[in-house]
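The structure appears below as structure tokens.
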Amino acid sequence: MSLLAIDNLSLHFGGVRAVEDVSFRVEPQEVFTLIGPNGAGKTSIFNLISRIYDAHAGRIAFEGRDITAIAPHEVAQRGIARTFQNVELFEHATVLENLLLGRHVRFRTRLPFELLFTPSVRAEERAHREKVEEVIDFLELQHYRDSRTGNLPYGVRKVVELGRALASGPKLLLLDEPSSGLNTEETEEMSFWIEDITQELGITVLMIEHDMALVREVSDRVLALNYGRIIAAGDVESVQAHPEVVRAYLGE
Amino acid sequence: MHVVRKTSYEQDMQLFAHRGVAFWYGVLVLAALLAPLALNTYYLSLLTFVCVYAVAGVGLMLLTGYAGQVSLGHAAFLAAGAYTEAILQAHGIPFVLSLPAAAAVAAALGLAVGIPALRLTGIYLAVATLAFAFIVEEILTRWESVTRGNFGIAVEPLAIGPLSFDAEWKFYYLAFGVLAATLLAARNLLRTKTGRALVALRDSAIAAQSFGVHLAWYKTVAFGLSAGLTGLAGALYAHKIAFISPEQFTVMVSVELLVIVVVGGLGSLHGAVFGAAFIVVLPQAIVLAKSAFGISGGGQAAVDSGVFGLLLLLFMLYEAQGLYGRWIKVRYYLELFPFYRRATFRRQKTYARTERLQ
Amino acid sequence: MRAFVEFSQQVLSGAALGCIYALIALGFVLIYKATEVVNFAQGELMMLGAFLGYTFISLFGLPFWLGLPLAVVCMAGIGGLLDRIVVRPIVGQPVFAIVMVTLGMGFVARSGASLVPAWGVDTHVFSTPFTGKVTSIGPLVASHDQLAIMATTAALVAVLFLFFRYTRIGIAMQAASQNQLAAYYVGIPVKAICSLIWGLSAAVAAVAGILLAPIVFVHANMGFIGLKAFPAAVLGGFGSIPGAIAGGLVIGVVESLAGFYLPEGFKDVAAYVVLLLVLAIRPQGLFGEGLRKKV
């Protein structure tokens, strides 16, 4: 069974067809990449999966269950985590706190007990902090753990955002342009992490990316979009060579 | 600068960062407990007011400073607490029941505002809470059978069973106790799931939602807790001031509460206490300054509100972190001297067009 | 028939008051559109305008038609200065900071006005050429003050419409309010435009204040009426000039009717009740568009 199944998905803003009849499947453990020029509807697809937007037509199923119309905060409970194109961290909180928030759905503590900080709350906090420290070690963020994320360099913030997503222990990770704003070295590092995430942690990755070197490096399959429609799908080489894709990027 | 070397995860969850901090808080609590011995009734009374305002300040701080929801209507919750306490007491309900009831009524009112306010953000929320406070004020004036309207209600001194809080020092201990409990509960909240969710809601609602934070639930929680604490403060306020009438709960009071959190320092519990101390001391200082400069006329209230406004403005423009932020900077300056750089605390500006109606 | 005349009379006086709300709301909207600043001190700008009018006309004894433009020009200058000194540093800060700063500005203005020796905390009156005259329209009676308010509002809206539509500066202002960065890149002096808009908005407030003076007296606290213009602006969606006018009229009429038909007390809160009802149904106001942050 596919991990994520998207069928005939459409999203319209007034007359603009941001996403039009898009269908694809993401299989467990693969890195699936969406490419396409700006405004092709890639981020809109992410926002549809995260339920920030309501689809006008079509169906999104995760692990065989329909998630097209669930509440936005339930998406994380199902095991989907994401990053954002322009980094949406909690700027006034520390790296550690950001990562802990990533585990939000896994906490079982209740408000009255939190106010009293009962031993059971303490024990649960402790257990989750151990998980978060594992992520901090994995992404080598020890140096920054107590810094406010708002003060960190952009490259580090992208890693923290990745960390927050990993801390939630997702089955599917949505990465929205993981390399944007990073220099060559940082991009290289990012590609190693993405490989580690799939191979070591066994997490499936659905990614939007413009950097074709990174795409080639990590992707198992690629889907090209233009004007909200699928123009090509398959392995990296065939999609890149597809005449429609060349035309979309270079114009007529 | 004291660098804490962490050797266990427990350390991040401690109430105090290290033993030195715990020690100084101990000294502070001791000083507060001994204050009645050293201060005369007048100064002790001021200190009691600081405790009462600080409880309300913590309430508003949770909502505005942590969850990032502006409220221009907190006077209404203060009034709800004060009137509930006064009316219940007049009916002979014991304080141990009436105090929680005051907090509960205010909290319920907070939920009543919070739920319709769920879909509102930024400016709409500010205006809606303002409108709500006006309506409550008008109800207090017109619902004479219960609130006695503009005649107001005289509030008897507090008594728990045979224990009467008639002397200033007794009431001070009560207020201090309530403040200490409030601060502890708020601190606990902030180091657990709900506290982090509130901060997340403030910093990026979209990201918070994507990580499973149920925005509506946490906004409601923030409103309820905040209103409840403010109501608690209102109940104490009613006893402290011994007489309540609608004109003590005007928009001006909502602004005073905002001054507490802004001048104290948004997003810090210290700030709520600093701000409360500030707002109690300021009118006294203005009186002194006016007599020193021989200014008369204008009326105390007019000058007070002008100075409050000016401070609100200046703090927002030049020290958005408030008194607490200033204190941190001074401490860093002394600790790092001569290596302190202004850029350490430079504010980042965001020019996001989408700030509007986000 | 009598009931209908009473009703119409209430609607008429409500509309006159509503025009004042509309003018203040117009000031909010102008500033909000251009700078995304919500000016909680708009009512105080109106108060200052009224006081300046009082000073020029009553204290200095200038003729009304000289005192009025003088007060308006002075207020325009004050508005521009406020933008320059107080508002510019906080543009781009979160909404909260902006609310606090403008709220603070309002308090300072109110307190400042009450400290000016000739103004103080007393109420003042000054007469306009319209004071004390009435015109009958069929069975209805309208004071000239009310008619002047309505005529001026209509004229101002028409002038502003032409200004934004046809003048170079007006078009530049529209551009700046749509996208500051883009306007800046195409060579529009955005900062100067913002100051101009603040000036314009303060000038409109001054006109409102002077027109209102014969009806409610000049007083340091008269700016509180600005808080009623908020519901008007919110009703109109906060970004739309016709919306602000419509919102102001609705609030004015509702308030007037509530004062006449409902028990005492309802008049003062009618505006806020309407506001809460509207926000409960449409969180972005009647004419507002629901924008959300892009991620």
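To be explicit about the labels: the chains of the structure tokens are called A, B, and onward in the order shown, and within each one the residues are counted from 1, while ligands get numbers from 1 in the order they are shown.
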Within 8 Å of chain B: each chain C residue with its shortest pair, only C-alpha atoms, as JSON lines:
{"residue": "C:Glu36", "atom": "CA", "partner": "B:Arg356", "partner_atom": "CA", "distance": 7.0}
{"residue": "C:Val38", "atom": "CA", "partner": "B:Ile123", "partner_atom": "CA", "distance": 7.5}
{"residue": "C:Val86", "atom": "CA", "partner": "B:Leu317", "partner_atom": "CA", "distance": 7.9}
{"residue": "C:Pro89", "atom": "CA", "partner": "B:Leu317", "partner_atom": "CA", "distance": 6.9}
{"residue": "C:Ile90", "atom": "CA", "partner": "B:Leu317", "partner_atom": "CA", "distance": 6.8}
{"residue": "C:Gly92", "atom": "CA", "partner": "B:Tyr351", "partner_atom": "CA", "distance": 4.9}
{"residue": "C:Gln93", "atom": "CA", "partner": "B:Lys349", "partner_atom": "CA", "distance": 6.3}
{"residue": "C:Pro94", "atom": "CA", "partner": "B:Glu355", "partner_atom": "CA", "distance": 7.2}
{"residue": "C:Val95", "atom": "CA", "partner": "B:Gly122", "partner_atom": "CA", "distance": 6.0}
{"residue": "C:Phe96", "atom": "CA", "partner": "B:Val70", "partner_atom": "CA", "distance": 6.6}
{"residue": "C:Ala97", "atom": "CA", "partner": "B:Met316", "partner_atom": "CA", "distance": 6.1}
{"residue": "C:Val99", "atom": "CA", "partner": "B:Ile123", "partner_atom": "CA", "distance": 7.9}
{"residue": "C:Met100", "atom": "CA", "partner": "B:Leu312", "partner_atom": "CA", "distance": 6.5}
{"residue": "C:Val101", "atom": "CA", "partner": "B:Leu313", "partner_atom": "CA", "distance": 4.6}
{"residue": "C:Thr102", "atom": "CA", "partner": "B:Leu313", "partner_atom": "CA", "distance": 7.5}
{"residue": "C:Leu103", "atom": "CA", "partner": "B:Gly309", "partner_atom": "CA", "distance": 7.0}
{"residue": "C:Gly104", "atom": "CA", "partner": "B:Gly309", "partner_atom": "CA", "distance": 3.7}
{"residue": "C:Met105", "atom": "CA", "partner": "B:Gly309", "partner_atom": "CA", "distance": 6.3}
{"residue": "C:Gly106", "atom": "CA", "partner": "B:Gly309", "partner_atom": "CA", "distance": 7.3}
{"residue": "C:Phe107", "atom": "CA", "partner": "B:Gly309", "partner_atom": "CA", "distance": 4.9}
{"residue": "C:Val108", "atom": "CA", "partner": "B:Gly306", "partner_atom": "CA", "distance": 4.3}
{"residue": "C:Ala109", "atom": "CA", "partner": "B:Gly306", "partner_atom": "CA", "distance": 7.4}
{"residue": "C:Arg110", "atom": "CA", "partner": "B:Gly306", "partner_atom": "CA", "distance": 7.1}
{"residue": "C:Ser111", "atom": "CA", "partner": "B:Gly306", "partner_atom": "CA", "distance": 4.7}
{"residue": "C:Gly112", "atom": "CA", "partner": "B:Gly306", "partner_atom": "CA", "distance": 6.9}
{"residue": "C:Ser114", "atom": "CA", "partner": "B:Gly298", "partner_atom": "CA", "distance": 5.7}
{"residue": "C:Leu115", "atom": "CA", "partner": "B:Gly298", "partner_atom": "CA", "distance": 4.9}
{"residue": "C:Gly120", "atom": "CA", "partner": "B:Gly298", "partner_atom": "CA", "distance": 6.4}
{"residue": "C:Val121", "atom": "CA", "partner": "B:Gly298", "partner_atom": "CA", "distance": 6.7}
{"residue": "C:Asn179", "atom": "CA", "partner": "B:Arg353", "partner_atom": "CA", "distance": 7.8}
{"residue": "C:Phe230", "atom": "CA", "partner": "B:Val127", "partner_atom": "CA", "distance": 7.1}
{"residue": "C:Pro231", "atom": "CA", "partner": "B:Val127", "partner_atom": "CA", "distance": 7.7}
{"residue": "C:Val234", "atom": "CA", "partner": "B:Tyr124", "partner_atom": "CA", "distance": 7.4}
{"residue": "C:Gly265", "atom": "CA", "partner": "B:Glu138", "partner_atom": "CA", "distance": 6.7}
{"residue": "C:Asp268", "atom": "CA", "partner": "B:Glu138", "partner_atom": "CA", "distance": 7.9}
{"residue": "C:Val269", "atom": "CA", "partner": "B:Ile135", "partner_atom": "CA", "distance": 5.8}
{"residue": "C:Tyr272", "atom": "CA", "partner": "B:Ala131", "partner_atom": "CA", "distance": 4.9}
{"residue": "C:Val273", "atom": "CA", "partner": "B:Ala131", "partner_atom": "CA", "distance": 7.4}
{"residue": "C:Leu275", "atom": "CA", "partner": "B:Ala128", "partner_atom": "CA", "distance": 7.4}
{"residue": "C:Leu276", "atom": "CA", "partner": "B:Ala128", "partner_atom": "CA", "distance": 6.2}
{"residue": "C:Leu279", "atom": "CA", "partner": "B:Ala128", "partner_atom": "CA", "distance": 7.8}
{"residue": "C:Ala280", "atom": "CA", "partner": "B:Pro116", "partner_atom": "CA", "distance": 5.9}
{"residue": "C:Pro283", "atom": "CA", "partner": "B:Leu120", "partner_atom": "CA", "distance": 5.8}
{"residue": "C:Gln284", "atom": "CA", "partner": "B:Tyr124", "partner_atom": "CA", "distance": 7.7}
{"residue": "C:Gly290", "atom": "CA", "partner": "B:Leu357", "partner_atom": "CA", "distance": 7.2}
{"residue": "C:Leu291", "atom": "CA", "partner": "B:Leu357", "partner_atom": "CA", "distance": 5.9}
{"residue": "C:Arg292", "atom": "CA", "partner": "B:Gln358", "partner_atom": "CA", "distance": 4.4}
{"residue": "C:Lys293", "atom": "CA", "partner": "B:Gln358", "partner_atom": "CA", "distance": 4.8}
{"residue": "C:Lys294", "atom": "CA", "partner": "B:Thr354", "partner_atom": "CA", "distance": 7.2}
Can those selected residues be exported to a file as a short mmCIF file (atom, residue, chain, number, x, y, z; two decimals), in the first residue's frame so that it contains N, CA and C atoms?
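File produced: again_11.cif:
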data_model
loop_
_atom_site.label_atom_id
_atom_site.label_comp_id
_atom_site.auth_asym_id
_atom_site.auth_seq_id
_atom_site.Cartn_x
_atom_site.Cartn_y
_atom_site.Cartn_z
N GLU C 36 -0.46 50.17 7.30
CA GLU C 36 -0.82 49.03 8.14
C GLU C 36 -0.74 49.36 9.62
N VAL C 38 -2.79 50.75 12.77
CA VAL C 38 -4.13 51.08 13.23
C VAL C 38 -3.99 52.17 14.26
N VAL C 86 6.97 59.41 15.65
CA VAL C 86 6.51 58.32 16.50
C VAL C 86 6.24 57.04 15.72
N PRO C 89 9.26 54.59 13.32
CA PRO C 89 10.11 53.54 13.90
C PRO C 89 9.39 52.22 14.14
N ILE C 90 8.06 52.23 14.22
CA ILE C 90 7.40 50.96 14.55
C ILE C 90 6.73 50.31 13.35
N GLY C 92 6.21 47.92 10.60
CA GLY C 92 6.84 46.63 10.40
C GLY C 92 6.92 45.81 11.66
N GLN C 93 6.71 46.46 12.82
CA GLN C 93 6.63 45.70 14.06
C GLN C 93 5.28 45.01 14.12
N PRO C 94 5.16 44.02 15.02
CA PRO C 94 3.88 43.33 15.12
C PRO C 94 2.73 44.29 15.47
N VAL C 95 1.52 43.86 15.12
CA VAL C 95 0.32 44.67 15.36
C VAL C 95 0.28 45.18 16.80
N PHE C 96 0.69 44.30 17.71
CA PHE C 96 0.60 44.64 19.11
C PHE C 96 1.37 45.92 19.44
N ALA C 97 2.60 46.02 18.94
CA ALA C 97 3.43 47.19 19.23
C ALA C 97 2.75 48.45 18.71
N VAL C 99 -0.50 48.93 18.19
CA VAL C 99 -1.66 49.27 19.02
C VAL C 99 -1.19 50.02 20.26
N MET C 100 -0.14 49.51 20.89
CA MET C 100 0.35 50.12 22.12
C MET C 100 0.82 51.55 21.88
N VAL C 101 1.59 51.73 20.82
CA VAL C 101 2.16 53.05 20.57
C VAL C 101 1.07 54.08 20.27
N THR C 102 0.12 53.71 19.45
CA THR C 102 -0.91 54.70 19.11
C THR C 102 -1.84 54.94 20.29
N LEU C 103 -2.08 53.88 21.07
CA LEU C 103 -2.87 54.03 22.28
C LEU C 103 -2.17 55.02 23.22
N GLY C 104 -0.86 54.82 23.36
CA GLY C 104 -0.07 55.72 24.21
C GLY C 104 -0.15 57.16 23.70
N MET C 105 -0.07 57.30 22.37
CA MET C 105 -0.16 58.62 21.75
C MET C 105 -1.47 59.30 22.15
N GLY C 106 -2.55 58.53 22.11
CA GLY C 106 -3.86 59.07 22.46
C GLY C 106 -3.90 59.57 23.89
N PHE C 107 -3.34 58.77 24.79
CA PHE C 107 -3.34 59.17 26.20
C PHE C 107 -2.52 60.44 26.41
N VAL C 108 -1.39 60.51 25.75
CA VAL C 108 -0.54 61.69 25.88
C VAL C 108 -1.28 62.92 25.36
N ALA C 109 -1.96 62.75 24.22
CA ALA C 109 -2.67 63.90 23.63
C ALA C 109 -3.77 64.38 24.57
N ARG C 110 -4.51 63.43 25.15
CA ARG C 110 -5.61 63.79 26.02
C ARG C 110 -5.09 64.51 27.26
N SER C 111 -4.05 63.92 27.85
CA SER C 111 -3.49 64.52 29.05
C SER C 111 -2.88 65.88 28.72
N GLY C 112 -2.18 65.93 27.58
CA GLY C 112 -1.55 67.19 27.16
C GLY C 112 -2.59 68.29 26.98
N SER C 114 -5.44 68.58 28.38
CA SER C 114 -6.03 69.04 29.63
C SER C 114 -5.04 69.86 30.44
N LEU C 115 -3.77 69.81 30.07
CA LEU C 115 -2.78 70.60 30.80
C LEU C 115 -2.59 71.99 30.19
N GLY C 120 -7.67 73.08 29.40
CA GLY C 120 -8.00 72.47 30.68
C GLY C 120 -8.96 71.31 30.58
N VAL C 121 -9.59 71.02 31.72
CA VAL C 121 -10.51 69.88 31.75
C VAL C 121 -11.96 70.34 31.63
N ASN C 179 1.29 48.02 -2.17
CA ASN C 179 2.54 47.29 -1.94
C ASN C 179 3.67 48.28 -1.77
N PHE C 230 -14.32 52.94 15.71
CA PHE C 230 -13.71 51.64 15.47
C PHE C 230 -14.72 50.63 14.95
N PRO C 231 -15.83 50.48 15.67
CA PRO C 231 -16.85 49.58 15.12
C PRO C 231 -17.19 49.96 13.68
N VAL C 234 -14.40 48.73 11.45
CA VAL C 234 -14.38 47.28 11.39
C VAL C 234 -15.55 46.75 10.56
N GLY C 265 -29.07 53.31 28.45
CA GLY C 265 -27.89 52.46 28.55
C GLY C 265 -27.59 51.76 27.24
N ASP C 268 -25.39 53.71 24.51
CA ASP C 268 -23.93 53.78 24.59
C ASP C 268 -23.22 52.51 24.13
N VAL C 269 -23.91 51.38 24.24
CA VAL C 269 -23.24 50.15 23.87
C VAL C 269 -23.71 49.60 22.52
N TYR C 272 -21.06 48.82 20.03
CA TYR C 272 -20.20 47.67 20.34
C TYR C 272 -20.94 46.35 20.16
N VAL C 273 -22.23 46.36 20.49
CA VAL C 273 -23.00 45.14 20.29
C VAL C 273 -23.05 44.79 18.80
N LEU C 275 -20.93 45.64 16.60
CA LEU C 275 -19.58 45.21 16.22
C LEU C 275 -19.36 43.73 16.55
N LEU C 276 -19.69 43.35 17.79
CA LEU C 276 -19.45 41.96 18.19
C LEU C 276 -20.30 41.01 17.35
N LEU C 279 -18.65 40.72 13.94
CA LEU C 279 -17.41 39.95 13.97
C LEU C 279 -17.69 38.47 14.22
N ALA C 280 -18.75 38.19 14.99
CA ALA C 280 -19.07 36.79 15.24
C ALA C 280 -19.48 36.09 13.94
N PRO C 283 -15.69 37.37 10.61
CA PRO C 283 -14.52 37.83 11.37
C PRO C 283 -13.71 38.89 10.65
N GLN C 284 -13.90 39.06 9.36
CA GLN C 284 -13.07 40.05 8.66
C GLN C 284 -13.87 41.30 8.32
N GLY C 290 -10.68 38.15 3.40
CA GLY C 290 -9.92 37.31 4.31
C GLY C 290 -8.56 36.97 3.73
N LEU C 291 -7.54 37.65 4.24
CA LEU C 291 -6.19 37.35 3.79
C LEU C 291 -5.55 36.44 4.82
N ARG C 292 -4.68 35.58 4.38
CA ARG C 292 -3.95 34.81 5.37
C ARG C 292 -2.48 34.76 5.00
N LYS C 293 -1.69 34.51 6.00
CA LYS C 293 -0.26 34.50 5.80
C LYS C 293 0.13 33.41 4.82
N LYS C 294 1.05 33.73 3.94
CA LYS C 294 1.47 32.75 2.94
C LYS C 294 2.66 31.99 3.48
#
All alpha helix (DSSP H) residues (DSSP, backbone) inside range 83-295 of chain B, as number ranges by chain: B: 83-90, 95-114, 122-142, 144-147, 168-190, 193-203, 205-210, 215-241, 251-264, 269-293
Those in range 61-205 of chain B with strand (DSSP E or B) from DSSP, as a PyMOL selection string: chain B and resi 153-154+159-160+163-164
Output the contact residues of chain B with respect to chain A at a cut-off of 9 Å, based on only C-alpha atoms, as an mmCIF file with N, CA and C atoms, in the first residue's frame.
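For reference, selection_15.cif as written:
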data_model
loop_
_atom_site.group_PDB
_atom_site.id
_atom_site.type_symbol
_atom_site.label_atom_id
_atom_site.label_comp_id
_atom_site.auth_asym_id
_atom_site.auth_seq_id
_atom_site.Cartn_x
_atom_site.Cartn_y
_atom_site.Cartn_z
ATOM 1 N N TYR B 9 19.177 15.907 31.693
ATOM 2 C CA TYR B 9 18.016 16.554 31.077
ATOM 3 C C TYR B 9 17.182 17.265 32.116
ATOM 4 N N GLU B 10 17.225 16.715 33.346
ATOM 5 C CA GLU B 10 16.464 17.309 34.431
ATOM 6 C C GLU B 10 16.743 18.804 34.548
ATOM 7 N N ASP B 12 17.194 21.133 32.479
ATOM 8 C CA ASP B 12 16.421 22.040 31.631
ATOM 9 C C ASP B 12 15.015 22.237 32.173
ATOM 10 N N MET B 13 14.586 21.322 33.047
ATOM 11 C CA MET B 13 13.219 21.402 33.547
ATOM 12 C C MET B 13 13.144 22.040 34.926
ATOM 13 N N LEU B 184 4.069 30.392 40.663
ATOM 14 C CA LEU B 184 4.523 29.009 40.579
ATOM 15 C C LEU B 184 3.708 28.246 39.527
ATOM 16 N N ALA B 185 2.392 28.440 39.576
ATOM 17 C CA ALA B 185 1.539 27.742 38.613
ATOM 18 C C ALA B 185 1.855 28.191 37.189
ATOM 19 N N ALA B 186 2.063 29.498 37.011
ATOM 20 C CA ALA B 186 2.364 30.008 35.675
ATOM 21 C C ALA B 186 3.696 29.451 35.173
ATOM 22 N N ARG B 187 4.668 29.401 36.078
ATOM 23 C CA ARG B 187 5.979 28.878 35.708
ATOM 24 C C ARG B 187 5.867 27.410 35.301
ATOM 25 N N ASN B 188 5.090 26.664 36.074
ATOM 26 C CA ASN B 188 4.883 25.252 35.735
ATOM 27 C C ASN B 188 4.237 25.107 34.372
ATOM 28 N N LEU B 189 3.248 25.935 34.147
ATOM 29 C CA LEU B 189 2.551 25.873 32.869
ATOM 30 C C LEU B 189 3.524 26.108 31.720
ATOM 31 N N LEU B 190 4.399 27.103 31.918
ATOM 32 C CA LEU B 190 5.272 27.514 30.826
ATOM 33 C C LEU B 190 6.359 26.495 30.528
ATOM 34 N N ARG B 191 6.674 25.624 31.483
ATOM 35 C CA ARG B 191 7.718 24.644 31.173
ATOM 36 C C ARG B 191 7.110 23.315 30.755
ATOM 37 N N THR B 192 5.818 23.319 30.458
ATOM 38 C CA THR B 192 5.213 22.064 29.977
ATOM 39 C C THR B 192 4.514 22.294 28.634
ATOM 40 N N LYS B 193 3.805 21.290 28.214
ATOM 41 C CA LYS B 193 3.212 21.276 26.877
ATOM 42 C C LYS B 193 2.386 22.521 26.573
ATOM 43 N N THR B 194 1.468 22.850 27.481
ATOM 44 C CA THR B 194 0.557 23.954 27.200
ATOM 45 C C THR B 194 1.319 25.269 27.023
ATOM 46 N N ARG B 196 4.370 25.753 25.987
ATOM 47 C CA ARG B 196 5.058 25.785 24.696
ATOM 48 C C ARG B 196 4.061 26.003 23.566
ATOM 49 N N ALA B 197 2.883 25.419 23.732
ATOM 50 C CA ALA B 197 1.873 25.598 22.680
ATOM 51 C C ALA B 197 1.451 27.064 22.596
ATOM 52 N N VAL B 199 3.281 29.725 23.306
ATOM 53 C CA VAL B 199 4.352 30.472 22.643
ATOM 54 C C VAL B 199 4.336 30.193 21.143
ATOM 55 N N ALA B 200 4.090 28.931 20.799
ATOM 56 C CA ALA B 200 4.050 28.545 19.387
ATOM 57 C C ALA B 200 2.936 29.291 18.666
ATOM 58 N N LEU B 201 1.800 29.370 19.336
ATOM 59 C CA LEU B 201 0.641 30.079 18.793
ATOM 60 C C LEU B 201 0.994 31.531 18.486
ATOM 61 N N ARG B 202 1.779 32.126 19.367
ATOM 62 C CA ARG B 202 2.155 33.525 19.193
ATOM 63 C C ARG B 202 3.160 33.685 18.047
ATOM 64 N N ASP B 203 4.179 32.818 18.032
ATOM 65 C CA ASP B 203 5.281 33.044 17.090
ATOM 66 C C ASP B 203 4.939 32.619 15.673
ATOM 67 N N SER B 204 4.241 31.523 15.508
ATOM 68 C CA SER B 204 3.819 31.114 14.168
ATOM 69 C C SER B 204 2.632 30.175 14.286
ATOM 70 N N ILE B 206 0.685 29.110 12.057
ATOM 71 C CA ILE B 206 0.617 28.099 11.000
ATOM 72 C C ILE B 206 1.503 26.904 11.312
ATOM 73 N N ALA B 207 2.744 27.203 11.773
ATOM 74 C CA ALA B 207 3.635 26.095 12.104
ATOM 75 C C ALA B 207 3.085 25.333 13.300
ATOM 76 N N ALA B 208 2.560 26.058 14.290
ATOM 77 C CA ALA B 208 2.018 25.400 15.477
ATOM 78 C C ALA B 208 0.943 24.409 15.074
ATOM 79 N N GLN B 209 0.054 24.864 14.192
ATOM 80 C CA GLN B 209 -1.038 24.023 13.733
ATOM 81 C C GLN B 209 -0.517 22.789 13.012
ATOM 82 N N SER B 210 0.529 22.991 12.209
ATOM 83 C CA SER B 210 1.086 21.864 11.466
ATOM 84 C C SER B 210 1.739 20.846 12.389
ATOM 85 N N PHE B 211 2.074 21.256 13.622
ATOM 86 C CA PHE B 211 2.642 20.294 14.557
ATOM 87 C C PHE B 211 1.613 19.840 15.574
ATOM 88 N N GLY B 212 0.360 20.010 15.224
ATOM 89 C CA GLY B 212 -0.695 19.398 16.020
ATOM 90 C C GLY B 212 -1.247 20.261 17.127
ATOM 91 N N VAL B 213 -0.862 21.548 17.178
ATOM 92 C CA VAL B 213 -1.436 22.416 18.198
ATOM 93 C C VAL B 213 -2.843 22.816 17.754
ATOM 94 N N HIS B 214 -3.819 22.468 18.570
ATOM 95 C CA HIS B 214 -5.206 22.802 18.260
ATOM 96 C C HIS B 214 -5.400 24.278 18.616
ATOM 97 N N LEU B 215 -5.303 25.139 17.603
ATOM 98 C CA LEU B 215 -5.262 26.589 17.853
ATOM 99 C C LEU B 215 -6.448 27.052 18.681
ATOM 100 N N GLY B 267 6.403 38.672 27.614
ATOM 101 C CA GLY B 267 6.979 37.341 27.560
ATOM 102 C C GLY B 267 7.904 37.034 28.712
ATOM 103 N N GLN B 348 15.020 42.532 15.577
ATOM 104 C CA GLN B 348 14.866 42.235 14.159
ATOM 105 C C GLN B 348 13.522 42.765 13.690
#
Gap from CA of Tyr332 in chain B to CA of Leu257 in chain B - Å, one decimal: 28.5 Å
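Straight-line separation from CA of Leu11 in chain A to CA of Arg229 in chain A: 10.9 Å.
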Coordinates-based distance that separates CA of Ile328 in chain B from CA of Glu161 in chain A (Å, one decimal): 28.0 Å
Exercise: Leu158 in chain B partners within 9 Å, only C-alpha atoms, chain neighbours under 6 positions left out, as a PyMOL selection string: chain B and resi 89+95+164-166+171+239-240
Who sits within 7 Å of range 18-35 of chain C, only C-alpha atoms, same chain under 6 positions skipped, as a PyMOL selection string: chain C and resi 42-43+149-150+153+176-177+194+197-198+201+204-205+208+226+228-230+232-233+238-241+244-245+247-253
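Excluding Ser219 in chain A itself and any same-chain residue fewer than 6 positions from it, the protein and nucleic acid residues within 12 Å of it, counting only C-alpha atoms, are A:Val26, A:Gln29, A:Glu30, A:Val31, A:Phe32, A:Thr33, A:Leu34, A:Ile35, A:Ser191, A:Ile194, A:Glu195, A:Thr198, A:Thr204, A:Val205, A:Leu206, A:Met207, A:Ile208, A:Glu209, A:Asp211, A:Met212, A:Ala213, A:Gly234, A:Asp235, A:Val236, A:Glu237, A:Val239.
Counting only C-alpha atoms, Thr123 in chain C has the following residues at most 9 Å away, ignoring those fewer than 4 positions along the same chain: Trp119, Phe217, Val218, His219 and Ala220 of chain C.
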Next, dump the selected residues to file, keeping only N, CA and C atoms, as a PDB file, in the first residue's frame.
ATOM      1  N   TRP C 119      -7.253  75.470  27.772  1.00  0.00           N
ATOM      2  CA  TRP C 119      -8.120  74.361  27.400  1.00  0.00           C
ATOM      3  C   TRP C 119      -8.622  73.644  28.643  1.00  0.00           C
ATOM      4  N   PHE C 217     -19.841  69.720  22.426  1.00  0.00           N
ATOM      5  CA  PHE C 217     -18.877  70.530  23.183  1.00  0.00           C
ATOM      6  C   PHE C 217     -17.446  70.049  22.954  1.00  0.00           C
ATOM      7  N   VAL C 218     -16.522  70.985  23.194  1.00  0.00           N
ATOM      8  CA  VAL C 218     -15.107  70.671  23.058  1.00  0.00           C
ATOM      9  C   VAL C 218     -14.584  70.301  24.440  1.00  0.00           C
ATOM     10  N   HIS C 219     -13.980  69.142  24.516  1.00  0.00           N
ATOM     11  CA  HIS C 219     -13.543  68.639  25.813  1.00  0.00           C
ATOM     12  C   HIS C 219     -12.366  67.698  25.596  1.00  0.00           C
ATOM     13  N   ALA C 220     -11.475  67.616  26.599  1.00  0.00           N
ATOM     14  CA  ALA C 220     -10.282  66.778  26.440  1.00  0.00           C
ATOM     15  C   ALA C 220     -10.661  65.315  26.199  1.00  0.00           C
TER      16      ALA C 220
END
